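Chemist: Structure: start-v1.pdb, PDB, C-alpha atoms.
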```
ATOM      1  CA  MET A   1      88.760 114.930 115.148
ATOM      2  CA  ARG A   2      88.839 111.500 116.773
ATOM      3  CA  ARG A   3      92.024 110.800 118.668
ATOM      4  CA  ARG A   4      93.932 107.792 117.433
ATOM      5  CA  SER A   5      96.281 105.494 119.274
ATOM      6  CA  LEU A   6      99.753 106.509 120.327
ATOM      7  CA  LEU A   7     100.944 103.109 119.141
ATOM      8  CA  ILE A   8     100.167 103.329 115.497
ATOM      9  CA  ALA A   9     101.920 104.661 112.469
ATOM     10  CA  VAL A  10      99.577 105.708 109.670
ATOM     11  CA  PRO A  11      99.626 102.982 107.004
ATOM     12  CA  ALA A  12     100.542 103.780 103.433
ATOM     13  CA  GLY A  13      97.699 103.824 100.915
ATOM     14  CA  MET A  14      97.486 101.641  97.859
ATOM     15  CA  ALA A  15      99.334 103.016  94.881
ATOM     16  CA  THR A  16      96.719 101.846  92.403
ATOM     17  CA  LEU A  17      93.698 103.218  94.231
ATOM     18  CA  ALA A  18      95.105 106.525  95.414
ATOM     19  CA  ALA A  19      92.965 109.413  94.256
ATOM     20  CA  CYS A  20      94.461 111.516  91.501
ATOM     21  CA  GLY A  21      94.945 115.217  92.078
ATOM     22  CA  ASP A  22      94.424 115.126  95.866
ATOM     23  CA  GLU A  23      97.686 116.812  96.728
ATOM     24  CA  ASP A  24      96.104 118.465  99.761
ATOM     25  CA  SER A  25      95.355 115.122 101.355
ATOM     26  CA  ASP A  26      97.584 114.294 104.296
ATOM     27  CA  SER A  27      97.827 110.812 105.740
ATOM     28  CA  SER A  28      98.789 112.345 109.077
ATOM     29  CA  LYS A  29      95.195 113.557 109.451
ATOM     30  CA  ALA A  30      94.366 110.076 110.722
ATOM     31  CA  SER A  31      96.232 110.759 113.944
ATOM     32  CA  ASP A  32      96.151 113.600 116.426
ATOM     33  CA  SER A  33      98.976 112.314 118.600
ATOM     34  CA  ALA A  34     102.570 111.241 118.245
ATOM     35  CA  SER A  35     103.160 107.702 117.043
ATOM     36  CA  PRO A  36     106.324 105.692 116.391
ATOM     37  CA  SER A  37     107.182 105.685 112.714
ATOM     38  CA  ALA A  38     109.218 103.193 110.749
ATOM     39  CA  SER A  39     112.288 105.434 110.914
ATOM     40  CA  GLN A  40     112.150 105.369 114.708
ATOM     41  CA  THR A  41     111.888 101.595 114.980
ATOM     42  CA  SER A  42     114.363 100.099 117.392
ATOM     43  CA  ALA A  43     117.151  97.945 116.000
ATOM     44  CA  ALA A  44     117.504  96.241 119.366
ATOM     45  CA  PRO A  45     117.808  92.460 119.531
ATOM     46  CA  ALA A  46     114.800  90.421 120.553
ATOM     47  CA  PRO A  47     114.005  90.670 124.273
ATOM     48  CA  LYS A  48     113.754  87.816 126.692
ATOM     49  CA  ILE A  49     110.103  87.061 127.401
ATOM     50  CA  VAL A  50     109.807  86.677 131.165
ATOM     51  CA  ASP A  51     106.902  85.961 133.530
ATOM     52  CA  GLY A  52     107.164  89.083 135.656
ATOM     53  CA  PRO A  53     107.026  91.028 137.772
ATOM     54  CA  LEU A  54     103.691  92.458 136.656
ATOM     55  CA  PRO A  55     101.175  94.641 138.525
ATOM     56  CA  ALA A  56      97.712  93.288 139.326
ATOM     57  CA  ILE A  57      94.544  94.079 137.429
ATOM     58  CA  THR A  58      92.328  95.286 140.280
ATOM     59  CA  ALA A  59      89.060  95.976 138.440
ATOM     60  CA  GLY A  60      87.565  95.284 135.029
ATOM     61  CA  THR A  61      89.094  91.830 135.094
ATOM     62  CA  LYS A  62      86.963  90.237 132.383
ATOM     63  CA  PHE A  63      87.860  90.154 128.702
ATOM     64  CA  GLY A  64      86.485  93.258 127.001
ATOM     65  CA  GLU A  65      86.095  95.293 130.211
ATOM     66  CA  LYS A  66      88.166  98.412 130.720
ATOM     67  CA  PRO A  67      90.785  97.329 133.264
ATOM     68  CA  THR A  68      92.195  99.160 136.231
ATOM     69  CA  VAL A  69      95.820  98.240 136.835
ATOM     70  CA  ALA A  70      97.799  98.770 140.048
ATOM     71  CA  LYS A  71     101.015 100.736 140.177
ATOM     72  CA  GLY A  72     104.127  98.673 139.618
ATOM     73  CA  SER A  73     105.820  97.428 142.773
ATOM     74  CA  GLY A  74     109.584  97.424 143.038
ATOM     75  CA  ASP A  75     111.856  97.307 140.037
ATOM     76  CA  PRO A  76     110.334  96.195 136.740
ATOM     77  CA  SER A  77     111.944  93.703 134.397
ATOM     78  CA  ASP A  78     114.490  95.131 132.003
ATOM     79  CA  GLN A  79     113.031  92.841 129.319
ATOM     80  CA  VAL A  80     109.413  92.184 128.254
ATOM     81  CA  ALA A  81     107.233  90.513 130.876
ATOM     82  CA  VAL A  82     104.121  88.749 129.605
ATOM     83  CA  LYS A  83     101.180  86.984 131.240
ATOM     84  CA  THR A  84      98.073  85.568 129.587
ATOM     85  CA  VAL A  85      95.355  86.595 132.030
ATOM     86  CA  VAL A  86      92.480  85.153 129.988
ATOM     87  CA  ALA A  87      93.266  82.367 127.517
ATOM     88  CA  GLY A  88      91.239  82.620 124.327
ATOM     89  CA  GLY A  89      90.358  79.761 122.023
ATOM     90  CA  GLY A  90      90.388  81.517 118.671
ATOM     91  CA  GLN A  91      92.861  81.808 115.832
ATOM     92  CA  THR A  92      96.536  82.096 116.724
ATOM     93  CA  VAL A  93      98.164  85.462 116.073
ATOM     94  CA  ALA A  94     101.359  85.466 114.013
ATOM     95  CA  GLU A  95     103.899  88.208 113.463
ATOM     96  CA  ASN A  96     102.943  90.399 110.489
ATOM     97  CA  ASP A  97      99.245  89.660 111.036
ATOM     98  CA  TYR A  98      96.894  92.540 111.616
ATOM     99  CA  ILE A  99      95.201  92.380 114.993
ATOM    100  CA  GLN A 100      92.036  93.970 116.283
ATOM    101  CA  ALA A 101      92.328  94.697 119.980
ATOM    102  CA  ASN A 102      91.218  96.875 122.842
ATOM    103  CA  TYR A 103      94.000  97.988 125.136
ATOM    104  CA  LEU A 104      95.109 100.212 127.992
ATOM    105  CA  GLY A 105      98.607 101.549 128.529
ATOM    106  CA  GLN A 106     100.092 103.098 131.660
ATOM    107  CA  ILE A 107     103.437 103.940 133.237
ATOM    108  CA  TRP A 108     104.900 101.449 135.719
ATOM    109  CA  ASP A 109     106.105 103.914 138.363
ATOM    110  CA  THR A 110     102.999 106.110 138.525
ATOM    111  CA  ALA A 111     100.127 104.017 137.113
ATOM    112  CA  LYS A 112      99.330 107.043 134.939
ATOM    113  CA  VAL A 113      97.203 105.886 132.009
ATOM    114  CA  PHE A 114      98.549 107.479 128.841
ATOM    115  CA  ASP A 115      96.231 105.828 126.325
ATOM    116  CA  ASN A 116      93.318 103.414 126.065
ATOM    117  CA  SER A 117      90.866 102.328 123.385
ATOM    118  CA  TYR A 118      88.036 101.350 125.739
ATOM    119  CA  ASP A 119      86.956 104.954 126.277
ATOM    120  CA  ARG A 120      86.973 105.566 122.522
ATOM    121  CA  LYS A 121      84.782 102.484 122.077
ATOM    122  CA  THR A 122      86.835 101.665 119.006
ATOM    123  CA  PRO A 123      89.353  98.822 119.021
ATOM    124  CA  LEU A 124      92.749  99.312 117.474
ATOM    125  CA  VAL A 125      93.476  97.532 114.187
ATOM    126  CA  ILE A 126      97.177  97.446 113.373
ATOM    127  CA  GLN A 127      99.809  95.193 111.873
ATOM    128  CA  LEU A 128     102.219  93.370 114.177
ATOM    129  CA  ALA A 129     105.124  94.301 111.969
ATOM    130  CA  GLN A 130     108.395  96.062 112.522
ATOM    131  CA  GLY A 131     107.918  99.734 111.778
ATOM    132  CA  SER A 132     104.174  99.642 112.443
ATOM    133  CA  ILE A 133     104.032  99.172 116.204
ATOM    134  CA  ILE A 134     106.351  99.215 119.201
ATOM    135  CA  ASP A 135     108.481  96.083 119.311
ATOM    136  CA  SER A 136     107.196  94.690 122.602
ATOM    137  CA  TRP A 137     103.750  94.116 121.090
ATOM    138  CA  ARG A 138     105.231  92.058 118.265
ATOM    139  CA  TYR A 139     107.107  89.814 120.669
ATOM    140  CA  ALA A 140     104.419  89.574 123.350
ATOM    141  CA  LEU A 141     101.351  88.952 121.201
ATOM    142  CA  ALA A 142     102.657  86.611 118.513
ATOM    143  CA  GLY A 143     101.480  83.108 119.401
ATOM    144  CA  LYS A 144      98.531  84.292 121.492
ATOM    145  CA  LYS A 145      94.982  83.356 120.514
ATOM    146  CA  VAL A 146      91.982  85.507 119.693
ATOM    147  CA  GLY A 147      89.869  85.910 122.804
ATOM    148  CA  SER A 148      92.917  86.273 125.042
ATOM    149  CA  ARG A 149      93.673  89.060 127.506
ATOM    150  CA  VAL A 150      97.397  89.698 127.747
ATOM    151  CA  LEU A 151      99.130  91.719 130.488
ATOM    152  CA  MET A 152     102.648  92.889 129.662
ATOM    153  CA  SER A 153     105.359  95.282 130.689
ATOM    154  CA  THR A 154     108.040  96.609 128.400
ATOM    155  CA  ALA A 155     111.378  98.197 129.138
ATOM    156  CA  PRO A 156     112.098 101.357 127.115
ATOM    157  CA  THR A 157     114.271  99.464 124.633
ATOM    158  CA  TRP A 158     111.179  97.732 123.187
ATOM    159  CA  GLY A 159     108.839 100.630 123.844
ATOM    160  CA  TYR A 160     109.566 104.217 122.854
ATOM    161  CA  GLY A 161     113.311 104.032 123.357
ATOM    162  CA  LYS A 162     115.533 106.629 124.982
ATOM    163  CA  GLU A 163     113.528 109.441 123.397
ATOM    164  CA  GLY A 164     110.263 108.419 125.083
ATOM    165  CA  ASN A 165     107.072 110.025 123.819
ATOM    166  CA  SER A 166     106.718 113.536 125.163
ATOM    167  CA  SER A 167     103.194 114.053 123.831
ATOM    168  CA  ALA A 168     102.042 111.123 125.980
ATOM    169  CA  GLY A 169     104.129 112.078 129.012
ATOM    170  CA  ILE A 170     106.403 109.062 128.556
ATOM    171  CA  LYS A 171     110.065 109.548 129.478
ATOM    172  CA  GLY A 172     112.902 107.592 127.913
ATOM    173  CA  THR A 173     113.406 105.735 131.204
ATOM    174  CA  ASP A 174     109.780 104.688 131.691
ATOM    175  CA  THR A 175     108.723 101.053 131.775
ATOM    176  CA  LEU A 176     105.239 100.711 130.308
ATOM    177  CA  VAL A 177     102.416  98.357 131.230
ATOM    178  CA  PHE A 178      99.730  97.245 128.782
ATOM    179  CA  VAL A 179      96.560  95.192 128.970
ATOM    180  CA  VAL A 180      95.510  93.920 125.540
ATOM    181  CA  ASP A 181      92.249  92.151 124.659
ATOM    182  CA  ILE A 182      92.741  90.411 121.297
ATOM    183  CA  GLU A 183      89.431  90.512 119.418
ATOM    184  CA  GLY A 184      90.551  89.354 115.994
ATOM    185  CA  THR A 185      93.460  88.642 113.701
ATOM    186  CA  PHE A 186      93.759  88.990 109.935
ATOM    187  CA  ASN A 187      96.284  87.766 107.403
ATOM    188  CA  ALA A 188      96.649  87.091 103.695
ATOM    189  CA  LYS A 189      94.225  84.160 103.941
ATOM    190  CA  SER A 190      91.432  86.154 105.581
ATOM    191  CA  SER A 191      88.081  86.424 103.809
ATOM    192  CA  ALA A 192      84.622  87.893 104.189
ATOM    193  CA  LYS A 193      82.205  86.237 106.611
ATOM    194  CA  GLY A 194      78.445  86.436 106.187
ATOM    195  CA  LYS A 195      75.458  85.382 104.115
ATOM    196  CA  ASN A 196      75.650  84.982 100.351
ATOM    197  CA  ALA A 197      73.647  87.605  98.504
ATOM    198  CA  ALA A 198      71.671  87.031  95.317
ATOM    199  CA  GLN A 199      73.520  87.860  92.083
ATOM    200  CA  ASP A 200      70.579  87.841  89.703
ATOM    201  CA  ASP A 201      71.458  90.667  87.314
ATOM    202  CA  THR A 202      72.973  88.992  84.243
ATOM    203  CA  ALA A 203      74.215  92.363  82.999
ATOM    204  CA  LEU A 204      76.640  92.588  85.923
ATOM    205  CA  PRO A 205      79.791  90.605  86.754
ATOM    206  CA  LYS A 206      79.374  87.542  88.953
ATOM    207  CA  VAL A 207      81.814  87.067  91.827
ATOM    208  CA  SER A 208      82.504  83.740  93.514
ATOM    209  CA  THR A 209      81.656  83.307  97.192
ATOM    210  CA  ASN A 210      84.632  81.187  98.275
ATOM    211  CA  THR A 211      85.985  82.108 101.720
ATOM    212  CA  ASP A 212      89.099  79.944 101.711
ATOM    213  CA  GLY A 213      91.488  82.877 101.390
ATOM    214  CA  LYS A 214      91.961  82.344  97.657
ATOM    215  CA  ALA A 215      91.142  85.128  95.224
ATOM    216  CA  PRO A 216      87.482  85.190  94.168
ATOM    217  CA  THR A 217      86.761  84.767  90.487
ATOM    218  CA  ILE A 218      85.116  87.624  88.573
ATOM    219  CA  ASP A 219      83.064  86.671  85.512
ATOM    220  CA  VAL A 220      82.494  89.826  83.445
ATOM    221  CA  PRO A 221      79.589  89.529  80.978
ATOM    222  CA  LYS A 222      80.006  90.265  77.302
ATOM    223  CA  ALA A 223      77.880  93.370  77.479
ATOM    224  CA  ASP A 224      78.179  97.139  77.663
ATOM    225  CA  ALA A 225      79.555  98.393  80.945
ATOM    226  CA  PRO A 226      77.148 100.271  83.231
ATOM    227  CA  THR A 227      77.457 104.031  83.139
ATOM    228  CA  LYS A 228      76.656 104.440  86.840
ATOM    229  CA  LEU A 229      78.429 103.128  89.909
ATOM    230  CA  VAL A 230      77.493  99.609  91.015
ATOM    231  CA  ALA A 231      78.151  98.535  94.620
ATOM    232  CA  ASP A 232      76.394  95.292  95.510
ATOM    233  CA  TYR A 233      76.852  92.723  98.241
ATOM    234  CA  VAL A 234      78.264  89.353  97.200
ATOM    235  CA  ILE A 235      78.526  88.269 100.833
ATOM    236  CA  GLU A 236      76.789  90.430 103.434
ATOM    237  CA  GLY A 237      78.592  90.629 106.765
ATOM    238  CA  ASP A 238      77.089  91.624 110.087
ATOM    239  CA  GLY A 239      79.665  94.161 111.276
ATOM    240  CA  ASP A 240      79.458  97.924 111.639
ATOM    241  CA  GLU A 241      78.694 100.026 108.603
ATOM    242  CA  VAL A 242      81.662 101.752 107.006
ATOM    243  CA  LYS A 243      81.536 105.543 107.124
ATOM    244  CA  ALA A 244      82.964 107.953 104.582
ATOM    245  CA  GLU A 245      85.735 109.051 106.954
ATOM    246  CA  ASN A 246      86.838 105.516 107.914
ATOM    247  CA  THR A 247      90.026 103.678 107.116
ATOM    248  CA  VAL A 248      89.437 100.056 106.187
ATOM    249  CA  LEU A 249      91.467  96.841 106.074
ATOM    250  CA  VAL A 250      90.687  94.855 102.941
ATOM    251  CA  GLN A 251      91.374  92.046 100.524
ATOM    252  CA  TYR A 252      90.598  93.006  96.934
ATOM    253  CA  LYS A 253      91.030  92.133  93.294
ATOM    254  CA  GLY A 254      90.532  94.430  90.325
ATOM    255  CA  VAL A 255      89.953  93.582  86.657
ATOM    256  CA  LEU A 256      89.153  95.570  83.525
ATOM    257  CA  TRP A 257      85.596  95.351  82.234
ATOM    258  CA  ASP A 258      86.678  95.231  78.578
ATOM    259  CA  SER A 259      89.133  92.356  78.887
ATOM    260  CA  GLY A 260      88.631  90.798  82.311
ATOM    261  CA  LYS A 261      92.379  91.205  82.831
ATOM    262  CA  GLU A 262      93.549  91.544  86.428
ATOM    263  CA  PHE A 263      95.483  94.739  87.096
ATOM    264  CA  ASP A 264      95.774  94.720  90.883
ATOM    265  CA  SER A 265      95.208  92.268  93.748
ATOM    266  CA  THR A 266      96.128  91.787  97.384
ATOM    267  CA  TYR A 267      95.827  88.052  96.784
ATOM    268  CA  SER A 268      98.629  88.143  94.223
ATOM    269  CA  ARG A 269     100.812  90.130  96.624
ATOM    270  CA  LYS A 270      99.848  87.859  99.532
ATOM    271  CA  ALA A 271      99.426  90.932 101.713
ATOM    272  CA  LEU A 272      96.406  92.783 103.071
ATOM    273  CA  THR A 273      96.170  96.518 102.633
ATOM    274  CA  SER A 274      94.474  99.440 104.349
ATOM    275  CA  PHE A 275      93.415 102.850 103.155
ATOM    276  CA  SER A 276      91.312 105.850 104.052
ATOM    277  CA  LEU A 277      88.115 106.261 102.050
ATOM    278  CA  GLN A 278      89.028 109.933 101.835
ATOM    279  CA  GLN A 279      92.163 109.129  99.858
ATOM    280  CA  VAL A 280      90.972 106.784  97.109
ATOM    281  CA  VAL A 281      89.081 107.180  93.855
ATOM    282  CA  LYS A 282      85.477 108.290  94.237
ATOM    283  CA  GLY A 283      84.071 104.963  93.099
ATOM    284  CA  TRP A 284      85.770 103.128  95.968
ATOM    285  CA  ALA A 285      84.775 105.714  98.534
ATOM    286  CA  GLN A 286      81.139 105.813  97.435
ATOM    287  CA  GLY A 287      80.939 102.073  96.865
ATOM    288  CA  LEU A 288      82.159 101.049 100.297
ATOM    289  CA  THR A 289      80.448 103.753 102.353
ATOM    290  CA  GLY A 290      77.474 102.203 104.114
ATOM    291  CA  LYS A 291      78.617  98.632 103.564
ATOM    292  CA  LYS A 292      79.073  96.324 106.552
ATOM    293  CA  VAL A 293      82.380  95.039 107.914
ATOM    294  CA  GLY A 294      82.748  91.358 107.071
ATOM    295  CA  SER A 295      81.211  91.785 103.615
ATOM    296  CA  ARG A 296      82.376  91.030 100.092
ATOM    297  CA  VAL A 297      81.303  93.780  97.717
ATOM    298  CA  LEU A 298      81.206  93.951  93.924
ATOM    299  CA  ILE A 299      82.119  97.451  92.752
ATOM    300  CA  VAL A 300      81.880  98.494  89.110
ATOM    301  CA  ILE A 301      83.410 101.928  88.623
ATOM    302  CA  PRO A 302      82.726 104.000  85.506
ATOM    303  CA  PRO A 303      85.598 106.178  84.253
ATOM    304  CA  ALA A 304      84.171 109.368  85.739
ATOM    305  CA  LEU A 305      84.435 107.873  89.247
ATOM    306  CA  GLY A 306      87.710 106.079  88.550
ATOM    307  CA  TYR A 307      90.737 107.381  86.692
ATOM    308  CA  GLY A 308      89.047 108.872  83.622
ATOM    309  CA  ASP A 309      91.676 109.948  81.139
ATOM    310  CA  ASN A 310      94.500 109.948  83.723
ATOM    311  CA  PRO A 311      95.176 106.365  84.890
ATOM    312  CA  PRO A 312      98.264 105.640  87.019
ATOM    313  CA  ALA A 313     101.405 105.092  84.965
ATOM    314  CA  GLY A 314     102.337 101.432  84.685
ATOM    315  CA  SER A 315      99.014 100.233  86.103
ATOM    316  CA  GLY A 316      97.834  98.507  82.945
ATOM    317  CA  ILE A 317      94.687 100.641  83.011
ATOM    318  CA  SER A 318      93.845 102.455  79.775
ATOM    319  CA  LYS A 319      92.151 105.823  79.579
ATOM    320  CA  ASP A 320      88.389 105.816  80.190
ATOM    321  CA  SER A 321      88.408 102.243  81.530
ATOM    322  CA  THR A 322      85.548 100.776  83.530
ATOM    323  CA  LEU A 323      86.977  98.955  86.543
ATOM    324  CA  VAL A 324      85.548  95.921  88.319
ATOM    325  CA  PHE A 325      86.513  95.055  91.895
ATOM    326  CA  THR A 326      85.695  92.458  94.456
ATOM    327  CA  VAL A 327      86.450  93.811  97.933
ATOM    328  CA  ASP A 328      86.383  91.949 101.265
ATOM    329  CA  ILE A 329      85.984  94.468 104.111
ATOM    330  CA  LEU A 330      87.834  92.820 106.996
ATOM    331  CA  ALA A 331      87.878  95.626 109.549
ATOM    332  CA  LYS A 332      87.569  99.347 110.209
ATOM    333  CA  MET A 333      90.758 100.958 111.506
TER     334      MET A 333
END
```
Please rewrite the model in this file as structure tokens.
Modeler:
Amino acid sequence: MRRRSLLIAVPAGMATLAACGDEDSDSSKASDSASPSASQTSAAPAPKIVDGPLPAITAGTKFGEKPTVAKGSGDPSDQVAVKTVVAGGGQTVAENDYIQANYLGQIWDTAKVFDNSYDRKTPLVIQLAQGSIIDSWRYALAGKKVGSRVLMSTAPTWGYGKEGNSSAGIKGTDTLVFVVDIEGTFNAKSSAKGKNAAQDDTALPKVSTNTDGKAPTIDVPKADAPTKLVADYVIEGDGDEVKAENTVLVQYKGVLWDSGKEFDSTYSRKALTSFSLQQVVKGWAQGLTGKKVGSRVLIVIPPALGYGDNPPAGSGISKDSTLVFTVDILAKM
């Protein structure tokens, strides 16, 4: 099983799309190592953001390269020290955004690296929100721009607290040092990015191609619903293909084929969501597997691959409903 970051807490799945009857599924399977959960989040006041001291990056100094960082010299700050080593020119990160970043973390006193994403060749995607990530990241990265490399140190108060993280070899007195390369940021206005695909089949719903962060429109034809799964590009991105075991960050909107009535939408909630393809209805899992990150996908799910005769209570979905979704795949997590 692929090792996941020490920093993350496994995100909750969508209530509407959660697979029925999968009681054996366990969201903790997404992580092999300890991670701070919402219940462990520090209630400490905001730290002072100071300039240093900070150890030097001695090798891998360019954005995107795995860095080597010197051991800390002298006493570290008892706050959060932050330095922008490479200033990016992309979108500004805000608190509660999701970020995509490569990073390395080590202990100040020993320079022992306890975690890094560069070796995994998979950037971290996580929300800069209280309860999702250690507090120092929220304070240090908000306001930075995509394309930036940020060097920071954090006192235990805004790291893993007095308990530390024994599985990572972090004591409750350890100051931590991080290098973070910010590759992307996503929020409630994020959309697919790519080339518009042909929508020539008049028997299928037509989805708008707007990328302004507003909900796409879904025009369902007055025709019989397809009996097989449909999963077609509306906008084809150029990112990595999604695999069946991946967790994805998405915008989506769902309507009923029979009425066109919306029953669920991240746009209405003004909040992105993430989920494992192993923990959603079969139509979602099959429809998104093999699709490229950055894409908008039309998914039409027949009852047998949706909720059949057991729709979620209070969802507005009747038994044996055909479901229509537009899904923007923003990132793999």
Chemist: Name the residues captured by the PyMOL selection byres ((chain A and resi 238) around 9) when it is applied to the shown file; answer as a short mmCIF file (atom, residue, chain, number, x, y, z; two decimals) with C-alpha atoms, in the coordinates of the input.
Modeler:
```cif
data_model
loop_
_atom_site.label_atom_id
_atom_site.label_comp_id
_atom_site.auth_asym_id
_atom_site.auth_seq_id
_atom_site.Cartn_x
_atom_site.Cartn_y
_atom_site.Cartn_z
CA LYS A 193 82.20 86.24 106.61
CA GLY A 194 78.44 86.44 106.19
CA LYS A 195 75.46 85.38 104.12
CA GLU A 236 76.79 90.43 103.43
CA GLY A 237 78.59 90.63 106.76
CA GLY A 239 79.67 94.16 111.28
CA ASP A 240 79.46 97.92 111.64
CA GLU A 241 78.69 100.03 108.60
CA LYS A 292 79.07 96.32 106.55
CA VAL A 293 82.38 95.04 107.91
CA GLY A 294 82.75 91.36 107.07
CA SER A 295 81.21 91.78 103.62
#
```
Chemist: Just the number, please: distance in Å from atom CA of A:Val220 to atom CA of A:Lys261, one decimal.
Modeler: 10.0 Å
Chemist: Between A:Phe178, A:Gln100, A:Gln79, A:Gly90, which residue has the minimum interatomic distance to A:Pro45, considering all atoms listed in the file?
Modeler: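 Among the listed residues, the smallest separation from A:Pro45 belongs to A:Gln79.
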Chemist: Could you check how far atom CA of A:Thr326 sits from atom CA of A:Tyr98, in Å to one decimal?
Modeler: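 Interatomic distance here is 20.5 Å.
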Chemist: Which residues would end up in the selection if the PyMOL selection byres ((chain A and resi 216) around 10) were applied here, given that I need the answer as a PyMOL selection string?
Modeler: chain A and resi 191+206-215+217-219+252-253+267+296+326-328
Chemist: Could you work out how far atom CA of A:Val300 lies from atom CA of A:Leu288, giving the answer in Å with one decimal?
Modeler: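 Calculated distance between atom CA of A:Leu288 and atom CA of A:Val300 is 11.5 Å.
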Chemist: Out of A:Gly74, A:Pro123, A:Gly60, A:Gly184, which residue has the shortest atom-to-atom distance to A:Ile99 when counting only C-alpha atoms?
Modeler: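 Among the listed residues, A:Gly184 lies closest to A:Ile99.
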Chemist: If the PyMOL selection byres ((chain A and resi 107-122) around 8) were run on this exact file, what residues would it hold? Put them as a list in words.
Modeler: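 For this structure, the PyMOL selection byres ((chain A and resi 107-122) around 8) resolves to Ser5, Leu6, Glu65, Lys66, Val69, Ala70, Lys71, Gly72, Ser73, Pro76, Asn102, Tyr103, Leu104, Gly105, Gln106, Pro123, Leu124, Ser153, Ala168, Gly169, Ile170, Asp174, Thr175, Leu176 and Val177 of chain A.
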Chemist: Kindly save the residues from that selection, with C-alpha atoms included, as a PDB file, in the coordinates of the input.
Modeler:
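File produced: again_22.pdb:
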```
ATOM      1  CA  SER A   5      96.281 105.494 119.274  1.00  0.00           C
ATOM      2  CA  LEU A   6      99.753 106.509 120.327  1.00  0.00           C
ATOM      3  CA  GLU A  65      86.095  95.293 130.211  1.00  0.00           C
ATOM      4  CA  LYS A  66      88.166  98.412 130.720  1.00  0.00           C
ATOM      5  CA  VAL A  69      95.820  98.240 136.835  1.00  0.00           C
ATOM      6  CA  ALA A  70      97.799  98.770 140.048  1.00  0.00           C
ATOM      7  CA  LYS A  71     101.015 100.736 140.177  1.00  0.00           C
ATOM      8  CA  GLY A  72     104.127  98.673 139.618  1.00  0.00           C
ATOM      9  CA  SER A  73     105.820  97.428 142.773  1.00  0.00           C
ATOM     10  CA  PRO A  76     110.334  96.195 136.740  1.00  0.00           C
ATOM     11  CA  ASN A 102      91.218  96.875 122.842  1.00  0.00           C
ATOM     12  CA  TYR A 103      94.000  97.988 125.136  1.00  0.00           C
ATOM     13  CA  LEU A 104      95.109 100.212 127.992  1.00  0.00           C
ATOM     14  CA  GLY A 105      98.607 101.549 128.529  1.00  0.00           C
ATOM     15  CA  GLN A 106     100.092 103.098 131.660  1.00  0.00           C
ATOM     16  CA  PRO A 123      89.353  98.822 119.021  1.00  0.00           C
ATOM     17  CA  LEU A 124      92.749  99.312 117.474  1.00  0.00           C
ATOM     18  CA  SER A 153     105.359  95.282 130.689  1.00  0.00           C
ATOM     19  CA  ALA A 168     102.042 111.123 125.980  1.00  0.00           C
ATOM     20  CA  GLY A 169     104.129 112.078 129.012  1.00  0.00           C
ATOM     21  CA  ILE A 170     106.403 109.062 128.556  1.00  0.00           C
ATOM     22  CA  ASP A 174     109.780 104.688 131.691  1.00  0.00           C
ATOM     23  CA  THR A 175     108.723 101.053 131.775  1.00  0.00           C
ATOM     24  CA  LEU A 176     105.239 100.711 130.308  1.00  0.00           C
ATOM     25  CA  VAL A 177     102.416  98.357 131.230  1.00  0.00           C
TER      26      VAL A 177
END
```
Chemist: Go through A:Ala188, A:Ala155, A:Leu128, A:Ile182 and flag the residue nearest A:Gly89, using all atoms listed in the file for the distances.
Modeler: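 Once distances to A:Gly89 are computed over all atoms listed in the file, the minimum belongs to A:Ile182.
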Chemist: Closest to A:Val86 among A:Ala192, A:Leu272, A:Val150, A:Ile329, using all atoms listed in the file?
Modeler: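 Closest to A:Val86 of all the choices is A:Val150.
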Chemist: Pick the closest to A:Thr173 from A:Ala94, A:Gln251, A:Gly161, A:Phe63: which is it, counting only C-alpha atoms?
Modeler: A:Gly161
Chemist: Need to verify the contact set: A:Ala244, 8 Å, only C-alpha atoms, exclusion of same-chain residues closer than 2 positions in sequence. Can you return it as a ChimeraX atom specification?
Modeler: /A:242,246,277-278,285-286,289-290
Chemist: When you count all atoms listed in the file, which of these residues is closest to A:Asp201: A:Gln127, A:Asp264, A:Val230, A:Thr185?
Modeler: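 For A:Asp201, the nearest of the given residues is A:Val230.
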